[in-house]
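Dropping structure26.csv in here (CSV, C-alpha atoms):
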```csv
chain,number,residue,atom,x,y,z
A,165,MET,CA,209.0,45.6,118.9
A,166,LYS,CA,205.5,47.1,118.9
A,167,GLN,CA,205.2,50.6,120.5
A,168,GLU,CA,202.3,49.4,122.7
A,169,ILE,CA,204.3,46.5,124.2
A,170,LEU,CA,207.3,48.9,124.7
A,171,GLU,CA,205.0,51.3,126.5
A,172,ARG,CA,203.8,48.6,128.9
A,173,LEU,CA,207.4,47.6,129.5
A,174,PHE,CA,208.4,51.2,130.2
A,175,MET,CA,205.5,51.6,132.7
A,176,ASP,CA,206.5,48.3,134.5
A,177,ARG,CA,210.1,49.5,134.6
A,178,ALA,CA,209.1,52.9,136.0
A,179,LEU,CA,206.8,51.2,138.6
A,180,GLY,CA,209.5,48.7,139.6
A,181,GLY,CA,207.5,45.7,138.3
A,182,LEU,CA,210.2,44.1,136.2
A,183,THR,CA,212.6,41.5,137.4
A,184,PRO,CA,216.3,42.7,137.5
A,185,ASP,CA,217.2,40.7,134.4
A,186,VAL,CA,214.4,42.1,132.3
A,187,ALA,CA,215.1,45.6,133.6
A,188,ALA,CA,218.8,45.3,132.7
A,189,LEU,CA,217.9,44.1,129.2
A,190,LEU,CA,215.4,47.0,128.7
A,191,ASP,CA,218.1,49.5,130.0
A,192,ALA,CA,220.5,48.2,127.4
A,193,TYR,CA,217.9,48.5,124.7
A,194,LEU,CA,217.1,52.1,125.7
A,195,GLU,CA,220.8,53.1,125.6
A,196,LYS,CA,220.8,52.3,121.9
A,197,ASP,CA,217.5,54.0,121.1
A,198,PRO,CA,217.4,57.7,122.1
A,199,GLU,CA,213.8,58.1,120.8
A,200,GLN,CA,212.5,55.3,123.0
A,201,SER,CA,214.7,56.5,125.8
A,202,ARG,CA,212.9,59.9,125.7
A,203,GLN,CA,209.6,58.1,125.8
A,204,PHE,CA,210.6,56.1,128.8
A,205,GLU,CA,211.9,59.3,130.6
A,206,SER,CA,208.5,60.8,130.1
A,207,ILE,CA,206.7,57.8,131.7
A,208,ASP,CA,209.3,57.5,134.5
A,209,ASP,CA,208.9,61.2,135.2
A,210,CYS,CA,205.1,60.8,135.5
A,211,VAL,CA,205.5,57.8,137.9
A,212,ARG,CA,208.1,59.7,140.1
A,213,LEU,CA,205.8,62.6,140.3
A,214,ALA,CA,202.9,60.3,141.3
A,215,ALA,CA,205.1,58.8,144.0
A,216,ARG,CA,205.8,62.4,145.3
A,217,ALA,CA,202.0,63.0,145.2
A,218,CYS,CA,201.4,60.2,147.6
A,219,PRO,CA,204.3,60.2,150.0
A,220,LYS,CA,204.6,57.9,153.0
A,221,PRO,CA,202.9,59.6,155.9
A,222,PRO,CA,204.8,59.9,159.1
A,223,ALA,CA,204.9,56.7,161.1
A,224,LEU,CA,202.2,56.3,163.7
A,225,LYS,CA,202.8,54.9,167.2
A,226,LEU,CA,201.9,51.2,167.1
A,227,PRO,CA,199.6,50.3,170.0
A,228,PRO,CA,200.3,47.1,171.9
A,229,LEU,CA,198.7,44.0,170.3
A,230,LYS,CA,195.8,42.6,172.4
A,231,LEU,CA,195.1,39.2,171.0
A,232,VAL,CA,191.9,37.8,172.5
A,233,PRO,CA,191.9,34.0,173.1
A,234,MET,CA,190.6,31.9,170.3
A,235,PRO,CA,186.9,31.5,170.6
A,236,ALA,CA,185.7,28.0,171.1
A,237,PRO,CA,183.8,26.5,168.1
A,238,ARG,CA,180.2,27.5,168.4
A,239,PRO,CA,177.9,24.5,168.8
A,240,VAL,CA,175.0,26.6,167.4
A,241,ARG,CA,176.6,26.4,164.1
A,242,THR,CA,176.7,22.6,164.1
A,243,GLU,CA,173.2,22.4,165.4
A,244,PHE,CA,172.1,24.7,162.7
A,245,ARG,CA,173.8,22.6,160.1
A,246,ALA,CA,172.2,19.4,161.5
A,247,GLY,CA,168.8,21.1,161.5
A,248,LEU,CA,169.4,22.2,157.9
A,249,ARG,CA,170.3,18.6,157.0
A,250,ILE,CA,167.1,17.3,158.6
A,251,LEU,CA,165.1,20.0,156.8
A,252,GLU,CA,166.7,19.0,153.5
A,253,MET,CA,165.8,15.3,154.1
A,254,ALA,CA,162.2,16.2,155.1
A,255,ALA,CA,161.8,18.4,152.0
A,256,ALA,CA,163.2,15.6,149.8
A,257,PHE,CA,160.8,13.1,151.4
A,258,VAL,CA,157.7,15.3,150.9
A,259,LEU,CA,158.7,16.0,147.4
A,260,GLY,CA,159.2,12.3,146.7
A,261,ILE,CA,155.8,11.4,148.2
A,262,GLY,CA,154.1,14.2,146.2
A,263,LEU,CA,155.8,13.1,142.9
A,264,SER,CA,154.9,9.5,143.4
A,265,PHE,CA,151.2,10.4,144.1
A,266,TRP,CA,151.2,12.5,141.0
A,267,GLY,CA,152.9,9.8,139.0
A,268,LEU,CA,150.5,7.1,140.2
A,269,ARG,CA,147.3,8.9,139.6
A,270,PRO,CA,144.9,7.3,137.0
A,271,ALA,CA,146.0,8.3,133.6
A,272,GLY,CA,144.0,11.0,131.9
A,273,THR,CA,141.7,11.9,134.8
A,274,ALA,CA,142.8,15.4,134.8
A,275,THR,CA,143.7,16.1,131.2
A,276,MET,CA,141.4,13.9,129.1
A,277,LYS,CA,138.6,15.9,127.4
A,278,PRO,CA,135.1,14.4,127.3
A,279,GLN,CA,134.5,12.7,124.0
A,280,SER,CA,131.3,12.4,122.2
A,281,THR,CA,131.7,8.6,121.8
A,282,PHE,CA,132.2,8.2,125.5
A,283,ALA,CA,128.7,6.9,126.2
A,284,THR,CA,128.8,4.4,123.4
A,285,THR,CA,132.3,3.0,123.9
A,286,VAL,CA,132.8,3.1,127.6
A,287,GLU,CA,130.7,1.2,130.1
A,288,PRO,CA,129.0,3.4,132.6
A,289,SER,CA,131.3,3.7,135.5
A,290,SER,CA,128.4,3.8,137.9
A,291,GLN,CA,128.1,0.0,137.4
A,292,SER,CA,131.7,-0.9,137.6
A,293,ALA,CA,133.2,1.6,140.0
A,294,PHE,CA,134.2,0.6,143.4
A,295,TRP,CA,131.9,3.1,145.0
A,296,SER,CA,129.1,5.1,143.4
A,297,MET,CA,125.7,6.3,144.4
A,298,ASN,CA,124.0,4.1,141.8
A,299,ARG,CA,125.9,1.1,143.1
A,300,ALA,CA,124.9,1.9,146.7
A,301,ILE,CA,121.2,2.2,145.6
A,302,ASN,CA,121.5,-1.1,143.7
A,303,ILE,CA,123.0,-2.9,146.7
A,304,ARG,CA,120.4,-1.4,148.9
A,305,SER,CA,117.5,-2.4,146.6
A,306,SER,CA,118.9,-5.9,146.1
A,307,SER,CA,119.3,-6.4,149.8
A,308,GLU,CA,115.7,-5.1,150.3
A,309,SER,CA,114.5,-7.6,147.7
A,310,THR,CA,116.4,-10.4,149.5
A,311,GLN,CA,114.8,-9.3,152.7
A,312,SER,CA,111.4,-9.4,151.2
A,313,ARG,CA,112.1,-12.8,149.8
A,314,ARG,CA,113.0,-13.9,153.2
A,315,VAL,CA,109.8,-12.7,154.6
A,316,THR,CA,107.8,-14.5,152.0
A,317,TRP,CA,109.9,-17.6,151.9
A,318,GLU,CA,108.3,-20.6,153.5
A,319,THR,CA,110.1,-23.7,154.6
A,320,LEU,CA,108.6,-27.1,154.2
A,321,MET,CA,108.1,-27.3,158.0
A,322,HIS,CA,106.3,-24.1,157.9
A,323,LYS,CA,104.2,-25.3,155.0
A,324,THR,CA,103.2,-28.5,156.8
A,325,GLN,CA,102.4,-26.5,159.8
A,326,SER,CA,100.2,-24.2,157.8
A,327,MET,CA,98.6,-27.1,156.1
A,328,ASN,CA,97.8,-28.7,159.4
B,9,MET,CA,199.1,27.5,169.5
B,10,ASP,CA,201.8,29.5,171.3
B,11,ASP,CA,204.0,29.3,168.2
B,12,THR,CA,201.1,30.8,166.2
B,13,ARG,CA,200.6,33.7,168.6
B,14,GLN,CA,204.3,34.4,168.6
B,15,TRP,CA,204.3,34.4,164.8
B,16,ILE,CA,201.3,36.7,164.7
B,17,GLU,CA,203.0,39.1,167.1
B,18,ALA,CA,206.1,39.1,165.0
B,19,LEU,CA,204.0,39.9,162.0
B,20,TYR,CA,202.4,42.7,163.9
B,21,LEU,CA,205.7,44.3,164.7
B,22,GLU,CA,206.8,43.9,161.1
B,23,SER,CA,203.7,44.9,159.2
B,24,GLY,CA,201.7,46.7,161.8
B,25,PRO,CA,203.1,50.2,161.2
B,26,GLN,CA,202.4,50.0,157.5
B,27,LEU,CA,198.9,48.6,158.1
B,28,LEU,CA,198.1,51.3,160.6
B,29,ILE,CA,199.0,54.0,158.0
B,30,PHE,CA,197.0,52.2,155.4
B,31,LEU,CA,194.0,51.9,157.7
B,32,LYS,CA,194.2,55.5,158.9
B,33,GLN,CA,194.1,56.6,155.3
B,34,ARG,CA,191.1,54.5,154.7
B,35,VAL,CA,189.0,55.4,157.7
B,36,GLY,CA,190.2,58.9,158.4
B,37,ASP,CA,191.1,58.9,162.1
B,38,VAL,CA,193.8,57.1,164.2
B,39,ALA,CA,191.5,55.7,166.8
B,40,SER,CA,189.3,53.8,164.3
B,41,ALA,CA,192.5,52.7,162.4
B,42,GLU,CA,193.9,51.3,165.7
B,43,ASP,CA,190.7,49.4,166.4
B,44,LEU,CA,190.7,48.0,162.9
B,45,LEU,CA,194.3,47.0,163.2
B,46,GLN,CA,193.5,45.0,166.3
B,47,GLU,CA,190.5,43.4,164.5
B,48,THR,CA,192.8,42.5,161.6
B,49,PHE,CA,195.3,40.7,163.8
B,50,ALA,CA,192.5,39.0,165.8
B,51,ALA,CA,191.1,37.7,162.5
B,52,ALA,CA,194.6,36.7,161.4
B,53,LEU,CA,194.9,34.6,164.6
B,54,ARG,CA,191.6,32.9,163.8
B,55,GLN,CA,192.7,32.3,160.2
B,56,ALA,CA,196.3,31.4,161.0
B,57,ASP,CA,196.2,28.4,158.7
B,58,ARG,CA,195.2,30.5,155.7
B,59,LEU,CA,197.7,33.1,156.6
B,60,ARG,CA,200.5,30.5,156.7
B,61,SER,CA,199.5,29.2,153.3
B,62,ALA,CA,199.4,32.6,151.7
B,63,SER,CA,202.2,33.4,149.3
B,64,SER,CA,202.8,36.7,151.2
B,65,PRO,CA,201.4,37.0,154.7
B,66,ARG,CA,201.9,40.8,154.5
B,67,ALA,CA,199.8,41.0,151.4
B,68,TYR,CA,197.2,38.7,153.0
B,69,LEU,CA,197.1,41.1,156.0
B,70,PHE,CA,196.6,44.0,153.7
B,71,GLY,CA,193.7,42.2,152.1
B,72,MET,CA,192.1,41.6,155.5
B,73,ALA,CA,192.6,45.1,156.6
B,74,ARG,CA,191.2,46.4,153.3
B,75,ASN,CA,188.0,44.3,153.8
B,76,LEU,CA,187.6,45.4,157.4
B,77,ALA,CA,188.1,49.0,156.5
B,78,ALA,CA,185.6,48.7,153.6
B,79,THR,CA,183.0,47.2,156.0
B,80,ALA,CA,183.7,50.0,158.6
B,81,SER,CA,183.3,52.6,155.9
B,82,ARG,CA,180.1,51.1,154.7
B,83,LYS,CA,178.8,51.2,158.3
B,84,ALA,CA,179.8,54.8,158.7
B,85,TRP,CA,178.2,55.8,155.4
B,86,ARG,CA,181.5,56.9,154.0
B,87,ARG,CA,181.1,55.0,150.8
B,88,ASN,CA,181.6,57.9,148.5
B,89,GLN,CA,184.8,59.1,150.2
B,90,PRO,CA,187.7,58.9,147.7
B,91,LEU,CA,190.2,56.3,148.5
B,92,PHE,CA,193.1,58.6,147.8
B,93,ILE,CA,193.1,61.3,150.4
B,94,PRO,CA,195.9,63.8,149.6
B,95,GLU,CA,198.2,64.3,152.6
B,96,PRO,CA,198.9,67.9,153.7
B,97,GLN,CA,201.6,69.3,151.5
B,98,GLN,CA,205.0,69.9,153.1
B,99,GLU,CA,207.1,70.6,150.0
B,100,PRO,CA,207.1,73.8,147.9
B,101,GLN,CA,204.2,74.2,145.6
B,102,ASP,CA,204.8,72.6,142.2
B,103,PRO,CA,202.2,73.2,139.6
B,104,ARG,CA,202.8,69.8,138.0
B,105,LEU,CA,202.5,68.1,141.3
B,106,GLU,CA,199.2,69.9,142.0
B,107,LEU,CA,198.0,68.9,138.6
B,108,LEU,CA,198.9,65.3,139.2
B,109,ARG,CA,197.2,65.3,142.7
B,110,GLU,CA,194.1,66.5,141.0
B,111,ALA,CA,194.4,63.9,138.3
B,112,MET,CA,194.9,61.1,140.9
B,113,THR,CA,191.7,62.0,142.7
B,114,ARG,CA,189.9,61.6,139.4
B,115,LEU,CA,191.2,58.1,138.7
B,116,LYS,CA,188.8,55.2,139.0
B,117,PRO,CA,188.8,53.9,142.6
B,118,GLU,CA,190.4,50.6,141.5
B,119,PHE,CA,193.2,52.4,139.6
B,120,GLN,CA,193.8,54.7,142.6
B,121,GLU,CA,193.9,51.7,144.9
B,122,ALA,CA,196.5,49.8,142.8
B,123,LEU,CA,198.6,52.9,142.4
B,124,GLU,CA,198.4,53.7,146.1
B,125,LEU,CA,199.4,50.2,147.2
B,126,ARG,CA,202.3,50.3,144.8
B,127,LEU,CA,203.7,53.8,145.4
B,128,ARG,CA,202.8,54.5,149.0
B,129,HIS,CA,202.8,51.1,150.6
B,130,GLU,CA,205.4,49.6,148.2
B,131,LEU,CA,203.6,46.3,147.7
B,132,SER,CA,204.9,44.3,144.7
B,133,TYR,CA,202.5,43.4,141.9
B,134,GLU,CA,202.1,39.9,143.4
B,135,GLU,CA,201.3,41.3,146.8
B,136,ILE,CA,198.8,43.8,145.4
B,137,ALA,CA,197.1,40.9,143.6
B,138,GLU,CA,196.9,38.9,146.9
B,139,ALA,CA,195.7,41.9,148.9
B,140,ILE,CA,192.9,42.9,146.6
B,141,ASN,CA,192.2,39.3,145.4
B,142,VAL,CA,192.5,39.8,141.7
B,143,PRO,CA,194.9,38.2,139.1
B,144,ILE,CA,198.3,39.7,138.7
B,145,GLY,CA,197.4,40.6,135.1
B,146,THR,CA,194.6,42.7,136.4
B,147,VAL,CA,196.9,44.6,138.8
B,148,ARG,CA,199.3,45.3,135.9
B,149,SER,CA,196.5,46.4,133.7
B,150,ARG,CA,195.1,48.7,136.3
B,151,LEU,CA,198.5,50.3,137.0
B,152,HIS,CA,199.0,50.8,133.3
B,153,HIS,CA,195.6,52.5,132.9
B,154,ALA,CA,196.4,54.7,135.8
B,155,VAL,CA,199.8,55.8,134.6
B,156,ARG,CA,198.4,56.3,131.1
B,157,GLN,CA,195.6,58.5,132.3
B,158,LEU,CA,197.9,60.5,134.6
B,159,ARG,CA,200.3,61.2,131.7
B,160,GLN,CA,197.4,62.3,129.5
B,161,ASP,CA,196.2,64.7,132.2
B,162,LEU,CA,199.7,66.0,132.7
B,163,CYS,CA,200.3,66.6,129.0
B,164,ASP,CA,196.8,68.0,128.4
B,165,PRO,CA,195.6,70.1,131.3
B,166,ASP,CA,192.5,71.0,129.4
B,167,ARG,CA,191.1,67.6,130.5
B,168,LEU,CA,190.9,68.9,134.0
B,169,PRO,CA,188.0,70.9,135.4
B,170,ALA,CA,188.0,74.6,134.9
B,171,SER,CA,188.7,75.4,138.6
B,172,ARG,CA,191.9,73.5,138.5
B,173,LYS,CA,193.1,74.9,135.2
B,174,GLU,CA,193.0,78.4,136.7
B,175,ASP,CA,195.2,77.3,139.6
B,176,VAL,CA,197.7,75.8,137.2
```
Would you put the structure from the file into C-alpha cells?
Amino acid sequence: MKQEILERLFMDRALGGLTPDVAALLDAYLEKDPEQSRQFESIDDCVRLAARACPKPPALKLPPLKLVPMPAPRPVRTEFRAGLRILEMAAAFVLGIGLSFWGLRPAGTATMKPQSTFATTVEPSSQSAFWSMNRAINIRSSSESTQSRRVTWETLMHKTQSMN
Amino acid sequence: MDDTRQWIEALYLESGPQLLIFLKQRVGDVASAEDLLQETFAAALRQADRLRSASSPRAYLFGMARNLAATASRKAWRRNQPLFIPEPQQEPQDPRLELLREAMTRLKPEFQEALELRLRHELSYEEIAEAINVPIGTVRSRLHHAVRQLRQDLCDPDRLPASRKEDV
C-alpha cells in the first residue's frame, strides 16, 4: 500500500473517522508492521496532543428556551412577488413592442449609404411619397388651377345670358 | 405544531449545552452566546421541516448556530478574531502542548474549524460536513491538512515565530 494512502488512514484512525471494521483491519495490519506502527503512533500522539490543546470547556448553565410563536406569513412578500411579476410582464411587453417596431422599420433607412446612382435609378420620392413638401405644393397649385378654371368656366346658360 | 415544539425543546435539552459552548467560543461572552442560542432554536422552529429532513439534526443546528455567530461577529467587527481561542490552561505546562497551541492558532481558519468541531465538539465527519455545508471529502481533506501541518510544526519548531521558539 502506498505510504500516502496509509498516512491518510492513520490520520482518520487517530481522529476516529474510520468505521469499526476498517479500524480493526488497520490495527491488525499495524501489529504486523512495526515501522508503520511507529508512524501511526506519531500521528496518534499529535492528534491526542491537539485534543488536549482544545479541551471541552466547563458546561454552562442552559437558560430556559423561549420559543416565540411562529410568525404569520407576511403578505408583503406575496404582494412584492405579484408586483415583481407584473413588472416582468410589463418589461416583456415593452421589449416586444420595441423589437417589433425595430423589425418593421423600412429596410435600409438607417444603414444604407447614399449612392451615386441614386438619382438616376430611383424615382424622386417627393413625387411618390405619401407626404412631402413638393407634393403639398403640387396639390395646392393644382387645386388653385382648378379653382381658376372654375372661375373662368362658363356654362351654356351663362353663355346664352351673356349673348343676350 | 405542538409535536414540533416538543421535539425542538427536546433537541434544546440534548444539544443546547454543546451549542452554548460552541457559541460562547465564537462570540466571546456568555450573554451574546445565550441570545444566539435562542435565535438558533427560534430559527429551527421556523425551519422545522428542513431540520426534520436533515441527516443529523444536531449537525444542522451547529450549522445554523455557526451562521448566526458569523453574522453577529461581522456586525461586531470581529471578523479577524481567530476561531480557535485557547482556553485558560489548567494543567501543568507542557512545552509540546504550548507549541501545539501556537501551531493551532496559525492553521487556516477552515482547518481550525474542522479540527475544533471534531476534537472539542466531537462531531463526526458527516456531522461536520452537514454543519459547515461542505462535502465529506472536503472535511476529511481539511482535517488531514491540519494534522499534517501540526505534525510538521511539532517536529520542526523552527517553523514557528521567534518569540515562541524562545519560550519552548
Subject >> Distance query segment 188-192 of chain A at most 9 Å, all atoms listed in the file, self and fewer than 5 positions along chain excluded, as a list of chain:residue names >> reply: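 Surrounding residues, per the criterion: A:Leu173, A:Phe174, A:Arg177, A:Thr183, A:Ser201.
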Subject >> Option closest in space to Leu105 of chain B, from A:Asp197, A:Ala256, A:Leu179, A:Arg212 [counting only C-alpha atoms] >> reply: A:Arg212
**OP:** Can you check which residues of chain A have any atom within 8 Å of chain B? Use only C-alpha atoms and format it as a PyMOL selection string.
**Re:** chain A and resi 172+175-176+179+181+207+210-211+213-221+223-227+229-232+234
I need the chosen residues saved as a CSV table (one decimal), keeping the file's coordinate frame, with C-alpha atoms.
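After the write, selection-v3.csv holds the following:
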```csv
chain,number,residue,atom,x,y,z
A,172,ARG,CA,203.8,48.6,128.9
A,175,MET,CA,205.5,51.6,132.7
A,176,ASP,CA,206.5,48.3,134.5
A,179,LEU,CA,206.8,51.2,138.6
A,181,GLY,CA,207.5,45.7,138.3
A,207,ILE,CA,206.7,57.8,131.7
A,210,CYS,CA,205.1,60.8,135.5
A,211,VAL,CA,205.5,57.8,137.9
A,213,LEU,CA,205.8,62.6,140.3
A,214,ALA,CA,202.9,60.3,141.3
A,215,ALA,CA,205.1,58.8,144.0
A,216,ARG,CA,205.8,62.4,145.3
A,217,ALA,CA,202.0,63.0,145.2
A,218,CYS,CA,201.4,60.2,147.6
A,219,PRO,CA,204.3,60.2,150.0
A,220,LYS,CA,204.6,57.9,153.0
A,221,PRO,CA,202.9,59.6,155.9
A,223,ALA,CA,204.9,56.7,161.1
A,224,LEU,CA,202.2,56.3,163.7
A,225,LYS,CA,202.8,54.9,167.2
A,226,LEU,CA,201.9,51.2,167.1
A,227,PRO,CA,199.6,50.3,170.0
A,229,LEU,CA,198.7,44.0,170.3
A,230,LYS,CA,195.8,42.6,172.4
A,231,LEU,CA,195.1,39.2,171.0
A,232,VAL,CA,191.9,37.8,172.5
A,234,MET,CA,190.6,31.9,170.3
```
Subject >> Atomic distance atom CA of Ala77 of chain B - atom CA of Leu31 of chain B, expressed in Å with one decimal >> reply: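 Between these atoms lies a distance of 6.7 Å.
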**OP:** One decimal, Å: what's the distance from atom CA of Ala80 of chain B over to atom CA of Ala41 of chain B, could you say?
**Re:**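 That distance, rounded to one decimal, is 10.0 Å.
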Could you pull segment 65-84 of chain B out of the structure just shown and give N, CA and C atoms as a PDB file, in the first residue's frame?
```pdb
ATOM      1  N   PRO B  65     -29.925  16.205  12.891  1.00  0.00           N
ATOM      2  CA  PRO B  65     -30.443  17.486  13.396  1.00  0.00           C
ATOM      3  C   PRO B  65     -29.417  18.254  14.225  1.00  0.00           C
ATOM      4  N   ARG B  66     -28.600  17.523  14.976  1.00  0.00           N
ATOM      5  CA  ARG B  66     -27.582  18.189  15.796  1.00  0.00           C
ATOM      6  C   ARG B  66     -26.604  18.959  14.906  1.00  0.00           C
ATOM      7  N   ALA B  67     -26.167  18.293  13.823  1.00  0.00           N
ATOM      8  CA  ALA B  67     -25.234  18.952  12.906  1.00  0.00           C
ATOM      9  C   ALA B  67     -25.897  20.149  12.226  1.00  0.00           C
ATOM     10  N   TYR B  68     -27.177  19.986  11.887  1.00  0.00           N
ATOM     11  CA  TYR B  68     -27.908  21.090  11.253  1.00  0.00           C
ATOM     12  C   TYR B  68     -27.974  22.285  12.203  1.00  0.00           C
ATOM     13  N   LEU B  69     -28.206  22.011  13.478  1.00  0.00           N
ATOM     14  CA  LEU B  69     -28.252  23.094  14.474  1.00  0.00           C
ATOM     15  C   LEU B  69     -26.885  23.756  14.608  1.00  0.00           C
ATOM     16  N   PHE B  70     -25.837  22.956  14.572  1.00  0.00           N
ATOM     17  CA  PHE B  70     -24.482  23.522  14.622  1.00  0.00           C
ATOM     18  C   PHE B  70     -24.259  24.452  13.428  1.00  0.00           C
ATOM     19  N   GLY B  71     -24.745  24.027  12.268  1.00  0.00           N
ATOM     20  CA  GLY B  71     -24.601  24.857  11.069  1.00  0.00           C
ATOM     21  C   GLY B  71     -25.342  26.180  11.215  1.00  0.00           C
ATOM     22  N   MET B  72     -26.566  26.108  11.755  1.00  0.00           N
ATOM     23  CA  MET B  72     -27.346  27.337  11.949  1.00  0.00           C
ATOM     24  C   MET B  72     -26.666  28.253  12.966  1.00  0.00           C
ATOM     25  N   ALA B  73     -26.194  27.661  14.049  1.00  0.00           N
ATOM     26  CA  ALA B  73     -25.514  28.451  15.086  1.00  0.00           C
ATOM     27  C   ALA B  73     -24.245  29.085  14.520  1.00  0.00           C
ATOM     28  N   ARG B  74     -23.559  28.339  13.711  1.00  0.00           N
ATOM     29  CA  ARG B  74     -22.316  28.847  13.095  1.00  0.00           C
ATOM     30  C   ARG B  74     -22.618  30.059  12.226  1.00  0.00           C
ATOM     31  N   ASN B  75     -23.678  29.954  11.415  1.00  0.00           N
ATOM     32  CA  ASN B  75     -24.035  31.078  10.534  1.00  0.00           C
ATOM     33  C   ASN B  75     -24.462  32.298  11.341  1.00  0.00           C
ATOM     34  N   LEU B  76     -25.260  32.076  12.373  1.00  0.00           N
ATOM     35  CA  LEU B  76     -25.714  33.204  13.195  1.00  0.00           C
ATOM     36  C   LEU B  76     -24.532  33.863  13.906  1.00  0.00           C
ATOM     37  N   ALA B  77     -23.599  33.040  14.388  1.00  0.00           N
ATOM     38  CA  ALA B  77     -22.417  33.585  15.065  1.00  0.00           C
ATOM     39  C   ALA B  77     -21.555  34.373  14.088  1.00  0.00           C
ATOM     40  N   ALA B  78     -21.462  33.867  12.862  1.00  0.00           N
ATOM     41  CA  ALA B  78     -20.665  34.580  11.851  1.00  0.00           C
ATOM     42  C   ALA B  78     -21.288  35.937  11.554  1.00  0.00           C
ATOM     43  N   THR B  79     -22.621  35.968  11.441  1.00  0.00           N
ATOM     44  CA  THR B  79     -23.312  37.235  11.177  1.00  0.00           C
ATOM     45  C   THR B  79     -23.104  38.197  12.350  1.00  0.00           C
ATOM     46  N   ALA B  80     -23.238  37.665  13.561  1.00  0.00           N
ATOM     47  CA  ALA B  80     -23.055  38.510  14.749  1.00  0.00           C
ATOM     48  C   ALA B  80     -21.630  39.053  14.809  1.00  0.00           C
ATOM     49  N   SER B  81     -20.678  38.213  14.485  1.00  0.00           N
ATOM     50  CA  SER B  81     -19.277  38.646  14.527  1.00  0.00           C
ATOM     51  C   SER B  81     -19.004  39.708  13.473  1.00  0.00           C
ATOM     52  N   ARG B  82     -19.631  39.541  12.318  1.00  0.00           N
ATOM     53  CA  ARG B  82     -19.452  40.543  11.268  1.00  0.00           C
ATOM     54  C   ARG B  82     -20.007  41.881  11.729  1.00  0.00           C
ATOM     55  N   LYS B  83     -21.184  41.797  12.363  1.00  0.00           N
ATOM     56  CA  LYS B  83     -21.798  43.038  12.844  1.00  0.00           C
ATOM     57  C   LYS B  83     -20.915  43.705  13.891  1.00  0.00           C
ATOM     58  N   ALA B  84     -20.273  42.896  14.694  1.00  0.00           N
ATOM     59  CA  ALA B  84     -19.457  43.449  15.773  1.00  0.00           C
ATOM     60  C   ALA B  84     -18.028  43.743  15.338  1.00  0.00           C
TER      61      ALA B  84
END
```
